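Asker: File follows, upload.csv with CSV, C-alpha atoms:
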chain,number,residue,atom,x,y,z
A,1,MET,CA,2.0,91.6,-155.4
A,2,THR,CA,5.5,90.3,-154.6
A,3,GLU,CA,7.1,87.9,-157.0
A,4,LEU,CA,9.8,85.9,-155.3
A,5,VAL,CA,12.0,85.3,-158.4
A,6,GLN,CA,15.4,86.5,-159.5
A,7,THR,CA,15.4,90.2,-160.4
A,8,HIS,CA,17.3,91.9,-163.1
A,9,ARG,CA,17.4,95.4,-164.6
A,10,PRO,CA,17.6,95.0,-168.3
A,11,GLY,CA,17.8,98.7,-169.3
A,12,GLY,CA,16.1,101.9,-168.1
A,13,ALA,CA,12.7,102.0,-166.7
A,14,ASP,CA,11.6,104.5,-169.3
A,15,GLY,CA,12.2,101.9,-172.1
A,16,THR,CA,14.7,104.0,-173.9
A,17,THR,CA,17.1,101.1,-174.7
A,18,GLY,CA,15.3,100.4,-177.9
A,19,THR,CA,15.2,96.6,-177.3
A,20,ALA,CA,12.4,94.4,-175.9
A,21,THR,CA,13.4,93.1,-172.5
A,22,ARG,CA,10.2,91.6,-171.4
A,23,TRP,CA,11.1,92.9,-167.9
A,24,TRP,CA,8.0,91.6,-166.3
A,25,ARG,CA,8.9,88.0,-166.7
A,26,ASP,CA,11.3,87.9,-163.8
A,27,ALA,CA,10.6,91.2,-162.0
A,28,VAL,CA,10.0,91.8,-158.3
A,29,ILE,CA,6.9,93.9,-157.9
A,30,TYR,CA,6.3,95.5,-154.5
A,31,GLN,CA,2.8,96.6,-153.5
A,32,VAL,CA,2.6,100.0,-151.9
A,33,TYR,CA,-0.6,100.5,-150.0
A,34,VAL,CA,-0.7,104.2,-150.3
A,35,ARG,CA,-2.7,105.1,-147.2
A,36,SER,CA,-0.4,103.3,-144.8
A,37,PHE,CA,3.0,103.2,-146.4
A,38,ALA,CA,4.5,106.6,-145.6
A,39,ASP,CA,3.2,110.0,-144.5
A,40,GLY,CA,4.9,112.9,-146.2
A,41,ASN,CA,3.0,115.8,-144.9
A,42,GLY,CA,2.5,114.9,-141.2
A,43,ASP,CA,-1.3,114.4,-141.2
A,44,GLY,CA,-1.2,110.8,-140.2
A,45,ILE,CA,-2.2,109.4,-143.5
A,46,GLY,CA,0.1,107.9,-146.1
A,47,ASP,CA,0.4,109.8,-149.3
A,48,LEU,CA,2.3,110.2,-152.6
A,49,LEU,CA,4.8,112.6,-151.1
A,50,GLY,CA,5.7,109.9,-148.5
A,51,ILE,CA,6.3,107.3,-151.2
A,52,ARG,CA,8.6,109.7,-153.1
A,53,GLY,CA,10.7,110.0,-149.9
A,54,ARG,CA,11.1,106.2,-149.8
A,55,LEU,CA,12.0,105.5,-153.4
A,56,PRO,CA,15.7,105.1,-152.6
A,57,TYR,CA,14.8,102.5,-150.0
A,58,LEU,CA,12.6,100.6,-152.4
A,59,ALA,CA,15.4,100.6,-155.0
A,60,ASP,CA,17.9,99.4,-152.5
A,61,LEU,CA,15.7,96.4,-151.7
A,62,GLY,CA,16.2,95.2,-155.3
A,63,VAL,CA,12.6,96.0,-156.3
A,64,ASP,CA,12.0,96.4,-160.1
A,65,ALA,CA,8.5,98.0,-160.0
A,66,ILE,CA,6.1,99.3,-157.4
A,67,TRP,CA,2.3,98.8,-157.6
A,68,LEU,CA,0.3,101.6,-156.1
A,69,THR,CA,-3.2,101.0,-154.7
A,70,PRO,CA,-5.8,103.5,-155.8
A,71,PHE,CA,-5.1,107.1,-155.0
A,72,TYR,CA,-7.9,108.5,-157.1
A,73,THR,CA,-10.7,110.8,-155.9
A,74,SER,CA,-13.0,108.6,-153.8
A,75,PRO,CA,-15.4,108.8,-150.8
A,76,MET,CA,-13.4,105.7,-149.5
A,77,ALA,CA,-16.4,103.4,-149.0
A,78,ASP,CA,-14.0,100.6,-150.1
A,79,PHE,CA,-10.6,102.2,-149.3
A,80,GLY,CA,-10.3,103.8,-152.8
A,81,TYR,CA,-11.7,101.0,-154.9
A,82,ASP,CA,-14.8,103.1,-155.2
A,83,VAL,CA,-13.5,105.6,-157.7
A,84,ALA,CA,-15.3,108.9,-158.2
A,85,ASP,CA,-12.8,110.4,-160.7
A,86,TYR,CA,-10.3,108.2,-162.5
A,87,ARG,CA,-8.3,111.2,-163.7
A,88,ASP,CA,-7.5,113.0,-160.4
A,89,VAL,CA,-5.8,112.3,-157.1
A,90,ASP,CA,-7.8,112.4,-153.9
A,91,PRO,CA,-6.7,115.4,-151.7
A,92,ILE,CA,-5.8,113.1,-148.8
A,93,PHE,CA,-3.1,111.6,-151.0
A,94,GLY,CA,-1.8,114.7,-152.8
A,95,THR,CA,-2.3,116.2,-156.2
A,96,LEU,CA,-2.0,115.2,-159.8
A,97,ALA,CA,1.3,117.1,-159.9
A,98,ASP,CA,2.5,114.8,-157.0
A,99,ALA,CA,1.6,111.7,-159.0
A,100,ALA,CA,3.5,113.0,-162.0
A,101,ALA,CA,6.5,113.8,-159.9
A,102,LEU,CA,6.4,110.3,-158.3
A,103,VAL,CA,6.4,108.6,-161.6
A,104,GLU,CA,9.3,110.8,-162.8
A,105,GLU,CA,11.4,110.2,-159.7
A,106,ALA,CA,10.7,106.5,-159.6
A,107,HIS,CA,12.1,106.2,-163.1
A,108,LEU,CA,15.2,108.1,-162.1
A,109,HIS,CA,15.7,105.4,-159.4
A,110,GLY,CA,15.2,102.6,-162.0
A,111,LEU,CA,11.8,101.7,-160.7
A,112,ARG,CA,8.7,101.2,-162.9
A,113,VAL,CA,5.3,102.3,-161.6
A,114,ILE,CA,2.1,100.3,-161.9
A,115,VAL,CA,-1.2,101.8,-160.9
A,116,ASP,CA,-4.6,100.3,-160.2
A,117,VAL,CA,-7.5,100.6,-162.6
A,118,VAL,CA,-10.9,99.6,-161.4
A,119,PRO,CA,-13.2,98.8,-164.4
A,120,ASN,CA,-15.9,96.6,-162.9
A,121,HIS,CA,-17.6,99.4,-161.0
A,122,THR,CA,-17.4,103.1,-160.1
A,123,SER,CA,-18.3,105.0,-156.9
A,124,ASP,CA,-21.9,106.0,-156.5
A,125,ARG,CA,-20.5,109.5,-156.3
A,126,HIS,CA,-19.1,109.2,-159.9
A,127,ALA,CA,-20.6,111.8,-162.2
A,128,TRP,CA,-22.0,109.1,-164.5
A,129,PHE,CA,-23.9,107.5,-161.7
A,130,ARG,CA,-25.3,110.7,-160.3
A,131,ARG,CA,-26.5,111.6,-163.8
A,132,ALA,CA,-28.1,108.1,-164.1
A,133,LEU,CA,-30.0,108.6,-160.9
A,134,GLU,CA,-31.2,112.0,-162.0
A,135,ALA,CA,-32.2,110.9,-165.6
A,136,GLY,CA,-34.4,108.0,-164.4
A,137,PRO,CA,-35.5,104.7,-165.9
A,138,GLY,CA,-35.0,104.1,-169.6
A,139,SER,CA,-32.5,106.9,-170.0
A,140,PRO,CA,-29.1,106.6,-171.9
A,141,GLU,CA,-27.4,107.6,-168.7
A,142,ARG,CA,-28.7,104.4,-167.0
A,143,GLU,CA,-27.4,102.3,-169.8
A,144,ARG,CA,-23.9,102.9,-168.6
A,145,TYR,CA,-24.7,100.8,-165.5
A,146,VAL,CA,-26.7,97.6,-164.8
A,147,PHE,CA,-30.2,98.8,-164.0
A,148,ARG,CA,-33.2,96.3,-164.1
A,149,GLU,CA,-36.8,96.1,-163.1
A,150,GLY,CA,-37.5,93.8,-160.1
A,151,LYS,CA,-39.5,90.6,-159.9
A,152,GLY,CA,-42.7,90.1,-158.0
A,153,GLU,CA,-46.1,91.6,-158.4
A,154,ASN,CA,-44.8,95.2,-157.9
A,155,GLY,CA,-41.1,94.7,-158.7
A,156,GLU,CA,-40.4,94.3,-155.0
A,157,LEU,CA,-38.0,91.4,-155.5
A,158,PRO,CA,-34.4,91.7,-156.9
A,159,PRO,CA,-33.9,90.8,-160.6
A,160,ASN,CA,-32.0,87.6,-159.7
A,161,ASP,CA,-30.4,85.8,-156.9
A,162,TRP,CA,-26.9,87.2,-157.1
A,163,GLU,CA,-25.1,88.0,-153.9
A,164,SER,CA,-22.6,90.7,-153.1
A,165,ILE,CA,-19.0,89.6,-152.4
A,166,PHE,CA,-19.3,91.7,-149.2
A,167,GLY,CA,-22.5,89.9,-148.1
A,168,GLY,CA,-26.2,90.3,-148.8
A,169,ARG,CA,-27.9,90.7,-152.1
A,170,ALA,CA,-26.1,92.3,-155.0
A,171,TRP,CA,-29.0,94.6,-155.9
A,172,THR,CA,-30.3,97.9,-154.4
A,173,ARG,CA,-33.7,99.3,-155.2
A,174,LEU,CA,-34.2,103.0,-155.9
A,175,PRO,CA,-37.2,105.1,-155.0
A,176,ASP,CA,-38.3,105.0,-158.7
A,177,GLY,CA,-38.6,101.2,-158.5
A,178,GLU,CA,-35.6,100.1,-160.5
A,179,TRP,CA,-32.8,98.1,-159.1
A,180,TYR,CA,-29.0,98.6,-159.7
A,181,LEU,CA,-26.3,95.9,-159.5
A,182,HIS,CA,-23.4,96.1,-157.2
A,183,LEU,CA,-21.3,92.9,-156.9
A,184,PHE,CA,-19.4,94.6,-154.1
A,185,ALA,CA,-20.7,97.4,-151.8
A,186,PRO,CA,-23.9,99.3,-152.6
A,187,GLU,CA,-21.6,102.4,-153.1
A,188,GLN,CA,-20.0,100.6,-156.0
A,189,PRO,CA,-22.5,100.2,-158.8
A,190,ASP,CA,-21.4,97.8,-161.6
A,191,LEU,CA,-20.7,99.3,-165.0
A,192,ASN,CA,-22.5,97.9,-168.1
A,193,TRP,CA,-19.7,96.7,-170.4
A,194,ASP,CA,-22.2,96.0,-173.2
A,195,ASN,CA,-22.3,99.8,-173.6
A,196,PRO,CA,-19.6,101.1,-176.1
A,197,GLU,CA,-19.4,104.3,-174.0
A,198,VAL,CA,-17.9,102.4,-171.2
A,199,HIS,CA,-15.2,100.9,-173.4
A,200,ALA,CA,-14.4,104.3,-174.8
A,201,GLU,CA,-14.2,105.9,-171.4
A,202,PHE,CA,-11.8,103.4,-170.0
A,203,GLU,CA,-9.5,103.5,-173.1
A,204,SER,CA,-9.4,107.3,-172.4
A,205,VAL,CA,-8.6,106.7,-168.7
A,206,LEU,CA,-5.8,104.3,-169.6
A,207,ARG,CA,-4.3,106.8,-172.1
A,208,PHE,CA,-4.4,109.5,-169.5
A,209,TRP,CA,-2.2,107.7,-167.1
A,210,LEU,CA,0.0,106.2,-169.9
A,211,ASP,CA,0.6,109.7,-171.2
A,212,LEU,CA,1.6,110.7,-167.6
A,213,GLY,CA,4.3,108.0,-167.7
A,214,VAL,CA,3.0,105.0,-165.8
A,215,ASP,CA,4.4,101.7,-166.8
A,216,GLY,CA,1.3,99.6,-166.5
A,217,PHE,CA,-1.9,98.7,-164.7
A,218,ARG,CA,-3.0,96.2,-162.2
A,219,VAL,CA,-6.6,95.4,-163.3
A,220,ASP,CA,-8.9,95.1,-160.4
A,221,VAL,CA,-11.4,92.3,-160.7
A,222,ALA,CA,-10.1,91.5,-164.1
A,223,HIS,CA,-12.5,88.5,-164.2
A,224,GLY,CA,-15.5,90.7,-163.7
A,225,MET,CA,-17.0,93.4,-166.0
A,226,VAL,CA,-18.9,91.0,-168.4
A,227,LYS,CA,-22.1,89.3,-167.2
A,228,ALA,CA,-23.8,86.3,-168.7
A,229,PRO,CA,-26.6,87.3,-171.1
A,230,GLY,CA,-30.0,87.6,-169.4
A,231,LEU,CA,-28.3,87.8,-166.0
A,232,PRO,CA,-29.4,84.2,-165.0
A,233,ASP,CA,-29.7,83.0,-161.4
A,234,VAL,CA,-26.7,81.3,-159.9
A,235,GLY,CA,-29.0,78.8,-158.2
A,236,HIS,CA,-26.5,77.8,-155.5
A,237,PRO,CA,-27.0,78.3,-151.8
A,238,ASP,CA,-23.4,79.3,-151.2
A,239,GLN,CA,-22.4,81.6,-154.1
A,240,ILE,CA,-19.3,82.9,-152.4
A,241,ARG,CA,-17.8,79.4,-152.0
A,242,MET,CA,-18.2,78.9,-155.7
A,243,ILE,CA,-16.1,81.9,-156.6
A,244,GLY,CA,-12.7,80.7,-157.7
A,245,THR,CA,-13.9,77.1,-158.1
A,246,ASP,CA,-16.6,77.4,-160.7
A,247,VAL,CA,-17.6,79.8,-163.5
A,248,VAL,CA,-20.5,81.9,-162.2
A,249,PRO,CA,-22.7,84.2,-164.4
A,250,PHE,CA,-21.0,87.4,-163.1
A,251,PHE,CA,-17.3,86.3,-163.1
A,252,ASP,CA,-14.8,84.8,-165.6
A,253,GLN,CA,-17.1,85.1,-168.6
A,254,ASP,CA,-15.5,84.6,-171.9
A,255,GLY,CA,-16.3,88.2,-173.0
A,256,VAL,CA,-13.7,89.6,-170.6
A,257,HIS,CA,-10.9,88.5,-172.9
A,258,ASP,CA,-12.1,90.8,-175.7
A,259,ILE,CA,-11.6,93.7,-173.3
A,260,HIS,CA,-8.2,92.6,-172.3
A,261,ARG,CA,-7.2,92.1,-175.9
A,262,ALA,CA,-8.2,95.6,-176.7
A,263,TRP,CA,-6.2,96.9,-173.7
A,264,ARG,CA,-3.2,94.9,-174.8
A,265,ARG,CA,-3.3,96.6,-178.2
A,266,LEU,CA,-3.4,99.9,-176.4
A,267,LEU,CA,-0.5,99.1,-174.1
A,268,ASP,CA,1.6,97.8,-177.1
A,269,SER,CA,1.1,101.1,-178.9
A,270,TYR,CA,3.1,102.9,-176.2
A,271,PRO,CA,6.9,102.7,-175.9
A,272,GLY,CA,8.7,101.3,-172.9
A,273,GLU,CA,7.0,97.9,-172.6
A,274,ARG,CA,3.9,99.0,-170.6
A,275,ILE,CA,2.1,96.0,-169.0
A,276,GLY,CA,-1.2,94.8,-167.7
A,277,VAL,CA,-1.6,92.6,-164.6
A,278,ALA,CA,-4.8,90.7,-164.0
A,279,GLU,CA,-6.3,90.3,-160.6
A,280,ALA,CA,-8.3,87.3,-161.7
A,281,TRP,CA,-9.9,84.7,-159.5
A,282,ALA,CA,-10.3,81.9,-162.0
A,283,PRO,CA,-11.6,78.4,-161.3
A,284,SER,CA,-8.4,76.7,-162.3
A,285,PRO,CA,-4.8,77.5,-163.4
A,286,GLY,CA,-5.9,76.5,-166.9
A,287,ARG,CA,-8.6,79.2,-167.0
A,288,LEU,CA,-6.2,81.7,-165.3
A,289,ALA,CA,-3.7,81.1,-168.1
A,290,ARG,CA,-6.2,82.5,-170.6
A,291,TYR,CA,-5.7,86.0,-169.2
A,292,VAL,CA,-2.0,85.9,-170.1
A,293,ARG,CA,-2.3,84.6,-173.7
A,294,PRO,CA,0.1,86.4,-176.0
A,295,ASP,CA,-2.5,88.9,-177.1
A,296,GLU,CA,-3.9,89.6,-173.6
A,297,LEU,CA,-2.4,90.7,-170.4
A,298,HIS,CA,1.2,90.2,-169.3
A,299,GLN,CA,0.8,88.8,-165.9
A,300,ALA,CA,-1.9,87.4,-163.6
A,301,PHE,CA,-2.0,87.0,-159.8
A,302,ASN,CA,-1.4,83.3,-159.0
A,303,PHE,CA,-4.0,82.9,-156.2
A,304,HIS,CA,-3.7,79.2,-156.4
A,305,PHE,CA,-0.1,79.6,-155.1
A,306,LEU,CA,-1.2,82.1,-152.5
A,307,THR,CA,-3.8,79.7,-151.1
A,308,ALA,CA,-1.5,76.7,-151.0
A,309,PRO,CA,-1.1,75.0,-147.7
A,310,TRP,CA,2.2,75.2,-145.8
A,311,GLU,CA,3.4,71.7,-146.7
A,312,ALA,CA,5.8,70.5,-149.4
A,313,ALA,CA,3.5,68.3,-151.4
A,314,GLY,CA,0.9,71.1,-151.6
A,315,PHE,CA,3.4,73.6,-152.8
A,316,ARG,CA,5.0,71.3,-155.3
A,317,ALA,CA,1.6,70.4,-156.8
A,318,VAL,CA,0.5,74.0,-157.3
A,319,ILE,CA,4.0,75.1,-158.5
A,320,GLN,CA,4.1,72.4,-161.1
A,321,GLU,CA,0.6,73.0,-162.3
A,322,SER,CA,1.2,76.8,-162.5
A,323,LEU,CA,4.3,76.4,-164.5
A,324,ASP,CA,2.7,73.8,-166.9
A,325,THR,CA,-0.5,75.8,-167.6
A,326,ALA,CA,1.3,79.2,-168.0
A,327,GLY,CA,3.8,77.5,-170.2
A,328,LEU,CA,1.1,76.4,-172.6
A,329,VAL,CA,0.5,80.0,-173.5
A,330,GLY,CA,4.1,81.1,-173.3
A,331,ALA,CA,3.6,83.2,-170.3
A,332,PRO,CA,5.5,83.5,-166.9
A,333,THR,CA,3.7,82.4,-163.8
A,334,THR,CA,3.8,84.7,-160.7
A,335,TRP,CA,4.5,83.8,-157.1
A,336,VAL,CA,2.1,85.8,-155.1
A,337,LEU,CA,2.4,85.6,-151.3
A,338,SER,CA,0.3,88.6,-150.1
A,339,ASN,CA,-1.7,91.6,-151.1
A,340,HIS,CA,-4.2,93.9,-149.4
A,341,ASP,CA,-7.0,91.4,-149.7
A,342,VAL,CA,-5.4,88.7,-147.6
A,343,LYS,CA,-3.6,88.4,-144.3
A,344,ARG,CA,0.2,88.6,-144.7
A,345,HIS,CA,1.9,85.3,-145.3
A,346,VAL,CA,3.8,85.3,-142.0
A,347,THR,CA,0.4,85.4,-140.2
A,348,ARG,CA,-1.2,82.9,-142.5
A,349,TYR,CA,1.5,80.3,-142.4
A,350,GLY,CA,2.1,81.0,-138.8
A,351,GLY,CA,-1.4,79.8,-137.9
A,352,GLY,CA,-3.6,82.7,-139.0
A,353,GLY,CA,-5.7,80.9,-141.6
A,354,THR,CA,-6.2,81.8,-145.2
A,355,GLY,CA,-7.6,85.2,-144.4
A,356,LEU,CA,-9.2,85.9,-147.8
A,357,ARG,CA,-11.3,89.1,-147.7
A,358,ARG,CA,-12.6,90.0,-151.1
A,359,ALA,CA,-12.5,88.6,-154.7
Represent the structure of the file as C-alpha cells.
Answerer:
Amino acid sequence: MTELVQTHRPGGADGTTGTATRWWRDAVIYQVYVRSFADGNGDGIGDLLGIRGRLPYLADLGVDAIWLTPFYTSPMADFGYDVADYRDVDPIFGTLADAAALVEEAHLHGLRVIVDVVPNHTSDRHAWFRRALEAGPGSPERERYVFREGKGENGELPPNDWESIFGGRAWTRLPDGEWYLHLFAPEQPDLNWDNPEVHAEFESVLRFWLDLGVDGFRVDVAHGMVKAPGLPDVGHPDQIRMIGTDVVPFFDQDGVHDIHRAWRRLLDSYPGERIGVAEAWAPSPGRLARYVRPDELHQAFNFHFLTAPWEAAGFRAVIQESLDTAGLVGAPTTWVLSNHDVKRHVTRYGGGGTGLRRA
C-alpha cells in the first residue's frame, strides 16, 4: 500500500519518545513483495536478507514504514497467503533470526515494519487441518474449520451455492462425505471464527510477532472470517460481481468488528503505537469507515480510490466521499494506488484496465 500524502518522522520507530504521535495518519507505507524485491543469497528468489540490504534505499525514499507480504512457512499455493506455520519463516525467504534482524535494522533506519496476518484461512498443510482430516466428522479438530454435510440424497451436492473468489464452488468434498469451505483456493480451508480456539490462536500469533518487534499488521481479507448464521445461499448468478458492492453472507458481516476490537485492545497494550491495517472490500465508503472506528483498526485500504477512473470528476467524487466518511469516525483515509492484487497504476491508467485479481 502506498499512501501519497505528506510524510513526517515524529520520533523514533521504536516508540521511545513517550508521546503519542499517531504516525500512521500521514505516513507513507511502501509494500515490499518479498519474493521479488531483492535476492540476498543469490538463489534467484527475493528474501529477507535482500530486504535488509535495501533498507537505506527505502529510508532515502522518504518511506515511513514497510509492509512485508507473507514470508511464513507455506506450500505457496497462493504465493504465501496459504500459511502452514504462522510463527516461522519459510526457508526460501530465510530464518526467524533473519526476520528479527530485519525488524531491528529497519528501526535503526527509522522505518517501521508491518507484516501480513492471514486470519480467514490457513493452508491445507497446517497442522490443524491435517489433524481435522485425520480426526473425522464430528471431531473437535473439525470444529476449527467450516465442515458441513452436503445436500442431495447422498450428500453429493455442496452445502450452499457459495463460489470461490478464484472461480468454481467454494466447497470441496472429502472421501468421508463431508465438505469443507474455502472461499479462495481448495488449499486454503476457511477457519471457523465461532470457535474460541481460533480467537485464542490468533491472539497468540499476534503476540508472537509483536514481541519480536513488528509495528503492526496488515489484516488479509479483514472483511472475511465471520459468516452469516446458517450459511445461507447468496442466490445471485454472479456472486463475484456482488463483492464490494453488496453485503454477502460470507463477507463484511457485522461480527468481524468484534474481532477487530479485540485486536485493537491487544495492539494498544504494546508500546510504540502498533497498528492494524484492514484489507477490507466493503460495499461503500460508509461501511469501510466502520473498520477504522476509534476502537477498531487504524487504517483501511481505500479500494474505492484505487478503482476510480482516470478523470477529474471521478477522482474528486471518491476523494470527497472518502474524506467525509472517514471523518465521521475521526479516522484518516488512505490513498491506495497499487498492491499485489491489482495491476500497477501506470499500467491501469495507461490503458491496462482495472486489473483486479482477488478480494
Asker: Give me the residues near Phe251 of chain A as a PDB file with C-alpha atoms, keeping the file's coordinate frame, where near means some atom within 10 Å (using all atoms listed in the file) and where sequence neighbours in that chain fewer than 4 positions away do not count.
Answerer:
ATOM      1  CA  LEU A 183     -21.300  92.900-156.900  1.00  0.00           C
ATOM      2  CA  VAL A 221     -11.400  92.300-160.700  1.00  0.00           C
ATOM      3  CA  ALA A 222     -10.100  91.500-164.100  1.00  0.00           C
ATOM      4  CA  HIS A 223     -12.500  88.500-164.200  1.00  0.00           C
ATOM      5  CA  GLY A 224     -15.500  90.700-163.700  1.00  0.00           C
ATOM      6  CA  MET A 225     -17.000  93.400-166.000  1.00  0.00           C
ATOM      7  CA  VAL A 226     -18.900  91.000-168.400  1.00  0.00           C
ATOM      8  CA  LYS A 227     -22.100  89.300-167.200  1.00  0.00           C
ATOM      9  CA  ALA A 228     -23.800  86.300-168.700  1.00  0.00           C
ATOM     10  CA  ILE A 243     -16.100  81.900-156.600  1.00  0.00           C
ATOM     11  CA  GLY A 244     -12.700  80.700-157.700  1.00  0.00           C
ATOM     12  CA  ASP A 246     -16.600  77.400-160.700  1.00  0.00           C
ATOM     13  CA  VAL A 247     -17.600  79.800-163.500  1.00  0.00           C
ATOM     14  CA  VAL A 256     -13.700  89.600-170.600  1.00  0.00           C
ATOM     15  CA  ALA A 280      -8.300  87.300-161.700  1.00  0.00           C
ATOM     16  CA  TRP A 281      -9.900  84.700-159.500  1.00  0.00           C
ATOM     17  CA  ALA A 282     -10.300  81.900-162.000  1.00  0.00           C
ATOM     18  CA  PRO A 283     -11.600  78.400-161.300  1.00  0.00           C
ATOM     19  CA  ALA A 359     -12.500  88.600-154.700  1.00  0.00           C
TER      20      ALA A 359
END
Asker: What is the atom CA of Ala200 of chain A-atom CA of Asp88 of chain A distance in Å, reported with one decimal?
Answerer: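 Computing the Euclidean distance for atom CA of Ala200 of chain A and atom CA of Asp88 of chain A yields 18.2 Å.
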Asker: Within 10 Å of (-17.3, 99.0, -159.7) (coordinates as in the file), grab all the protein and nucleic acid residues, counting only C-alpha atoms, and write them out as a PyMOL selection string.
Answerer: chain A and resi 81-83+118-124+145+181-192+220-221+224-225
Asker: For the residues in the current selection, export C-alpha atoms as a JSON list (two decimals), in the frame of the given file.
Answerer:
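Listing of result-v7.json after writing:
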[["chain", "number", "residue", "atom", "x", "y", "z"],
["A", 81, "TYR", "CA", -11.70, 101.00, -154.90],
["A", 82, "ASP", "CA", -14.80, 103.10, -155.20],
["A", 83, "VAL", "CA", -13.50, 105.60, -157.70],
["A", 118, "VAL", "CA", -10.90, 99.60, -161.40],
["A", 119, "PRO", "CA", -13.20, 98.80, -164.40],
["A", 120, "ASN", "CA", -15.90, 96.60, -162.90],
["A", 121, "HIS", "CA", -17.60, 99.40, -161.00],
["A", 122, "THR", "CA", -17.40, 103.10, -160.10],
["A", 123, "SER", "CA", -18.30, 105.00, -156.90],
["A", 124, "ASP", "CA", -21.90, 106.00, -156.50],
["A", 145, "TYR", "CA", -24.70, 100.80, -165.50],
["A", 181, "LEU", "CA", -26.30, 95.90, -159.50],
["A", 182, "HIS", "CA", -23.40, 96.10, -157.20],
["A", 183, "LEU", "CA", -21.30, 92.90, -156.90],
["A", 184, "PHE", "CA", -19.40, 94.60, -154.10],
["A", 185, "ALA", "CA", -20.70, 97.40, -151.80],
["A", 186, "PRO", "CA", -23.90, 99.30, -152.60],
["A", 187, "GLU", "CA", -21.60, 102.40, -153.10],
["A", 188, "GLN", "CA", -20.00, 100.60, -156.00],
["A", 189, "PRO", "CA", -22.50, 100.20, -158.80],
["A", 190, "ASP", "CA", -21.40, 97.80, -161.60],
["A", 191, "LEU", "CA", -20.70, 99.30, -165.00],
["A", 192, "ASN", "CA", -22.50, 97.90, -168.10],
["A", 220, "ASP", "CA", -8.90, 95.10, -160.40],
["A", 221, "VAL", "CA", -11.40, 92.30, -160.70],
["A", 224, "GLY", "CA", -15.50, 90.70, -163.70],
["A", 225, "MET", "CA", -17.00, 93.40, -166.00]]
Asker: My list of candidates is A:Gly80, A:Gly50, A:Pro56, A:Gly351. Which is closest to Val117 of chain A when distances are computed with all atoms listed in the file?
Answerer: A:Gly80
Asker: Atom CA of Val103 of chain A to atom CA of Glu296 of chain A: how many Å, to one decimal?
Answerer: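 Spanning atom CA of Val103 of chain A to atom CA of Glu296 of chain A is a straight-line distance of 24.7 Å.
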